[in-house]
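Some notes on the structure that comes next.
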Amino acid sequence: MRSVDKLRVSVTDRCNLRCMYCMPETGIALKPKNEILSFREIERAVRITARRGVTKVRLTGGEPLVRKGIERLIEALSSIEEINDLALTTNGILLKETARPLKQAGLDRVTISMDTLDPEKYRFITKRPGLEKVLSGIEAARNAGLEPVKINVVALRGINDDEAVAFAAWAAENDLEARFIELMPISRQPAACREAPGSPVLSDELKQAIEEKMGKLDPLVTSKSSPARVYALPRGSGKIGFISPISKPFCAGCTRLRLTADGKLRPCLASPEEIDLKGPMRSGAGDRTLLEIVDRAIEAKSHISGAMHFDRGNRTMCEIGG
Ligand code: SAM
Ligand code: SF4
């Protein structure tokens, strides 16, 4: 059976942005609050998965920082003995105010999503203003010691695919790791990204553009289960990473489980298969039953390898937890 050491927890399906590839601007059917896992339920789920090998937890969403009292959850999770890495993925809009309390609560590090360095493009991609807030959030995260800070950039044809070199220069200057992600066709929308049609921007295109301007990128050693290929930049101490679910799928080495905001265990991001954990928890199941459910999810994962077969299904990335 595949071993699993990472759990991604979507703490909410709500978000304060509307990124064009992730969340439709209107017509989103948000789950009623009582269908979303409580902090106690999330903590129990993490404790159960920890007994099956999970040591690294990432909180995501939706936007995790719009969930009220998230520090309380972080405090509870950071006290679980087996968990040695507690991270959070955020759009960074609320990070300036929250970075310090998050660190104090026990958060280790953050990944911040920022798809462009241009304020107008930012508004176009996310349908909200806010690039300045994200940049302040990045600074606050570093000052608070939520390091290493990593930046996620989803590559969008005709929108930000001309910014590879600018991001590389910015990463070098600011001593950060920027990671380009190939756009995945996960969405209820008719096209994953209607405003950026055409083939997805592949990592090699971006890497080539950076190497042409800045010189050869030196590969760095990363853990076998990491989806990112990371390179040292020729100047400064910044890094550039590529997450390539389309051109270089990483399913065979994936050791990650997901817990959706409404309490389903999801063995694979690309597949619609989900195993309910919330129902049994709410109807009084004991730990042994919950462990059996986690085992079923891990077992389901063992059959996944090769290319990612995306099923657009009926879930957005916000619900699943990207
Ligand atoms: N709201 C937080 C944020 O934006 O960082 C956390 C949730 S978001 C779903 C997590 C990550 O998934 C972000 O870096 C986002 O850019 C990425 N993402 C969302 N939809 C995607 C897609 N269709 N393809 C590739 N990455 C995607
Ligand atoms: Fe919100 Fe993150 Fe999705 Fe953007 S990518 S809409 S910030 S959940």
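In the structure tokens, chains take letters A, B, ... by order of appearance, with residues numbered from 1 within each chain and ligands from 1 in the order shown.
A distance cut-off of 8 Å from ligand 2, applied to only C-alpha atoms and all ligand atoms, picks out the residues Asp13, Arg14, Cys15, Asn16, Leu17, Arg18, Cys19, Met20, Tyr21, Cys22, Met23, Thr60, Gly61, Gly62, Glu63, Thr90, Asn91, Ser113, Thr126, Met317, Cys318, Gly321 and Gly322 of chain A.
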*Where in region 137-311 of chain A does DSSP assign strand (DSSP E or B), given as a ChimeraX atom specification?*
/A:150-155,177-182,218-219,228-232,239-243,256-259,264-266,275-276
*What's the 9 Å shell around region 292-294 of chain A, counting only C-alpha atoms, without same-chain residues fewer than 3 positions away, as a PyMOL selection string?*
chain A and resi 48-49+52+265+275-277+287-289+297-299
For those residues, write N, CA, C and O atoms to a file as a PDB file, in the first residue's frame.
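Wrote it out as result-v7.pdb, contents follow:
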ATOM      1  N   ILE A  48      -6.416  11.333  13.452  1.00  0.00           N
ATOM      2  CA  ILE A  48      -6.619   9.976  12.908  1.00  0.00           C
ATOM      3  C   ILE A  48      -5.629   9.714  11.763  1.00  0.00           C
ATOM      4  O   ILE A  48      -4.976   8.667  11.709  1.00  0.00           O
ATOM      5  N   THR A  49      -5.506  10.683  10.847  1.00  0.00           N
ATOM      6  CA  THR A  49      -4.586  10.452   9.711  1.00  0.00           C
ATOM      7  C   THR A  49      -3.134  10.380  10.206  1.00  0.00           C
ATOM      8  O   THR A  49      -2.312   9.676   9.631  1.00  0.00           O
ATOM      9  N   ARG A  52      -1.868   7.122  10.790  1.00  0.00           N
ATOM     10  CA  ARG A  52      -1.568   6.357   9.563  1.00  0.00           C
ATOM     11  C   ARG A  52      -0.406   6.982   8.785  1.00  0.00           C
ATOM     12  O   ARG A  52      -0.251   6.743   7.595  1.00  0.00           O
ATOM     13  N   LEU A 265     -12.702  12.612   2.461  1.00  0.00           N
ATOM     14  CA  LEU A 265     -11.296  12.333   2.146  1.00  0.00           C
ATOM     15  C   LEU A 265     -11.195  12.116   0.653  1.00  0.00           C
ATOM     16  O   LEU A 265     -11.988  11.371   0.068  1.00  0.00           O
ATOM     17  N   ILE A 275     -14.300   9.833  -0.045  1.00  0.00           N
ATOM     18  CA  ILE A 275     -14.786   8.918   0.987  1.00  0.00           C
ATOM     19  C   ILE A 275     -15.206   9.762   2.189  1.00  0.00           C
ATOM     20  O   ILE A 275     -14.411  10.545   2.715  1.00  0.00           O
ATOM     21  N   ASP A 276     -16.455   9.579   2.586  1.00  0.00           N
ATOM     22  CA  ASP A 276     -17.022  10.453   3.617  1.00  0.00           C
ATOM     23  C   ASP A 276     -16.443  10.164   5.007  1.00  0.00           C
ATOM     24  O   ASP A 276     -16.442   9.021   5.459  1.00  0.00           O
ATOM     25  N   LEU A 277     -15.964  11.204   5.653  1.00  0.00           N
ATOM     26  CA  LEU A 277     -15.459  11.066   7.028  1.00  0.00           C
ATOM     27  C   LEU A 277     -16.398  11.803   7.990  1.00  0.00           C
ATOM     28  O   LEU A 277     -16.592  11.387   9.126  1.00  0.00           O
ATOM     29  N   ASP A 287     -12.792   5.669  16.863  1.00  0.00           N
ATOM     30  CA  ASP A 287     -11.540   5.847  16.122  1.00  0.00           C
ATOM     31  C   ASP A 287     -11.255   4.672  15.191  1.00  0.00           C
ATOM     32  O   ASP A 287     -10.728   4.851  14.103  1.00  0.00           O
ATOM     33  N   ARG A 288     -11.626   3.459  15.651  1.00  0.00           N
ATOM     34  CA  ARG A 288     -11.302   2.302  14.814  1.00  0.00           C
ATOM     35  C   ARG A 288     -12.009   2.395  13.446  1.00  0.00           C
ATOM     36  O   ARG A 288     -11.410   2.131  12.407  1.00  0.00           O
ATOM     37  N   THR A 289     -13.271   2.822  13.455  1.00  0.00           N
ATOM     38  CA  THR A 289     -14.024   2.965  12.202  1.00  0.00           C
ATOM     39  C   THR A 289     -13.389   4.051  11.340  1.00  0.00           C
ATOM     40  O   THR A 289     -13.235   3.898  10.126  1.00  0.00           O
ATOM     41  N   ALA A 297      -9.062   5.181   1.931  1.00  0.00           N
ATOM     42  CA  ALA A 297      -8.594   6.295   1.091  1.00  0.00           C
ATOM     43  C   ALA A 297      -7.149   6.040   0.642  1.00  0.00           C
ATOM     44  O   ALA A 297      -6.795   6.287  -0.511  1.00  0.00           O
ATOM     45  N   ILE A 298      -6.332   5.534   1.557  1.00  0.00           N
ATOM     46  CA  ILE A 298      -4.920   5.273   1.203  1.00  0.00           C
ATOM     47  C   ILE A 298      -4.853   4.143   0.177  1.00  0.00           C
ATOM     48  O   ILE A 298      -4.100   4.190  -0.786  1.00  0.00           O
ATOM     49  N   GLU A 299      -5.690   3.133   0.397  1.00  0.00           N
ATOM     50  CA  GLU A 299      -5.743   2.000  -0.538  1.00  0.00           C
ATOM     51  C   GLU A 299      -6.148   2.496  -1.940  1.00  0.00           C
ATOM     52  O   GLU A 299      -5.551   2.125  -2.947  1.00  0.00           O
TER      53      GLU A 299
END
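CA of Leu7 (chain A) is found 12.0 Å from CA of Leu269 (chain A).
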*Could you find all residues in region 84-157 of chain A that DSSP calls helix (DSSP H, G or I) from the backbone, and write them as JSON, numbers by chain?*
{"A": [95, 96, 97, 98, 99, 100, 101, 102, 103, 104, 105, 119, 120, 121, 122, 123, 124, 125, 126, 131, 132, 133, 134, 135, 136, 137, 138, 139, 140, 141, 142, 143, 144]}
*May I have the residues within 12 Å of Lys68 (chain A) as number ranges by chain, using only C-alpha atoms and disregarding those fewer than 6 positions away in the same chain?*
A: 11-12, 14, 33, 38-39, 74, 94, 98
*Find the residues near Ile70 (chain A): any atom within 12 Å, counting only C-alpha atoms, skip ones fewer than 2 places away on the same chain, and give them as a ChimeraX atom specification.*
/A:10-12,38-40,42,59-60,63-68,72-77,88,98-99,101-103,105-107
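Across the model, the gap from atom 10 (C, counted along the ligand's line) of ligand 1 to CA of Leu290 (chain A) is 26.7 Å.
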*asked:* Considering only C-alpha atoms, can you say which of A:Lys6, A:Lys56, A:Arg109, A:Lys216 comes closest to Pro148 (chain A)?
replied: A:Arg109
*Å distance separating CA of Ile83 (chain A) from atom 23 (N, counted along the ligand's line) of ligand 1, one decimal place*: 28.2 Å
Give me the residues near Asn174 (chain A) as a PDB file with C-alpha atoms, in the first residue's frame, where near means some atom within 12 Å (using only C-alpha atoms) and where sequence neighbours in that chain fewer than 6 positions away do not count.
ATOM      1  CA  LEU A 135       3.108  42.332  -1.283  1.00  0.00           C
ATOM      2  CA  ILE A 138       4.650  38.653   1.936  1.00  0.00           C
ATOM      3  CA  GLU A 139       6.789  41.097   3.892  1.00  0.00           C
ATOM      4  CA  ARG A 142       8.870  37.020   6.415  1.00  0.00           C
ATOM      5  CA  VAL A 149       7.864  31.819   2.063  1.00  0.00           C
ATOM      6  CA  LYS A 150       6.995  30.330  -1.338  1.00  0.00           C
ATOM      7  CA  ILE A 151       5.035  32.085  -4.069  1.00  0.00           C
ATOM      8  CA  PHE A 167       9.204  36.810 -11.581  1.00  0.00           C
ATOM      9  CA  ALA A 168      12.645  35.194 -11.702  1.00  0.00           C
ATOM     10  CA  LEU A 233      18.784  31.250  -9.993  1.00  0.00           C
ATOM     11  CA  ARG A 235      22.034  35.604  -9.525  1.00  0.00           C
ATOM     12  CA  GLY A 236      21.156  36.122  -5.852  1.00  0.00           C
ATOM     13  CA  SER A 237      19.821  33.378  -3.612  1.00  0.00           C
ATOM     14  CA  GLY A 238      16.258  33.151  -4.934  1.00  0.00           C
ATOM     15  CA  LYS A 239      14.819  29.990  -6.467  1.00  0.00           C
TER      16      LYS A 239
END
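Among the candidates A:Val230, A:Ile28, A:Ile93, A:Met184, the one nearest to Ser247 (chain A) when counting only C-alpha atoms is A:Met184.
Minimum atom-to-atom distance to Ile159 (chain A), evaluated using only C-alpha atoms, belongs to A:Val201 out of A:Leu30, A:Leu257, A:Leu291, A:Val201.
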*asked:* List the spatial neighbours of Leu206 (chain A) as a PyMOL selection string - criterion: any atom at most 9 Å away, only C-alpha atoms, same-chain residues fewer than 3 positions off excluded.
replied: chain A and resi 155+161-165+180+201-203+209-211+242
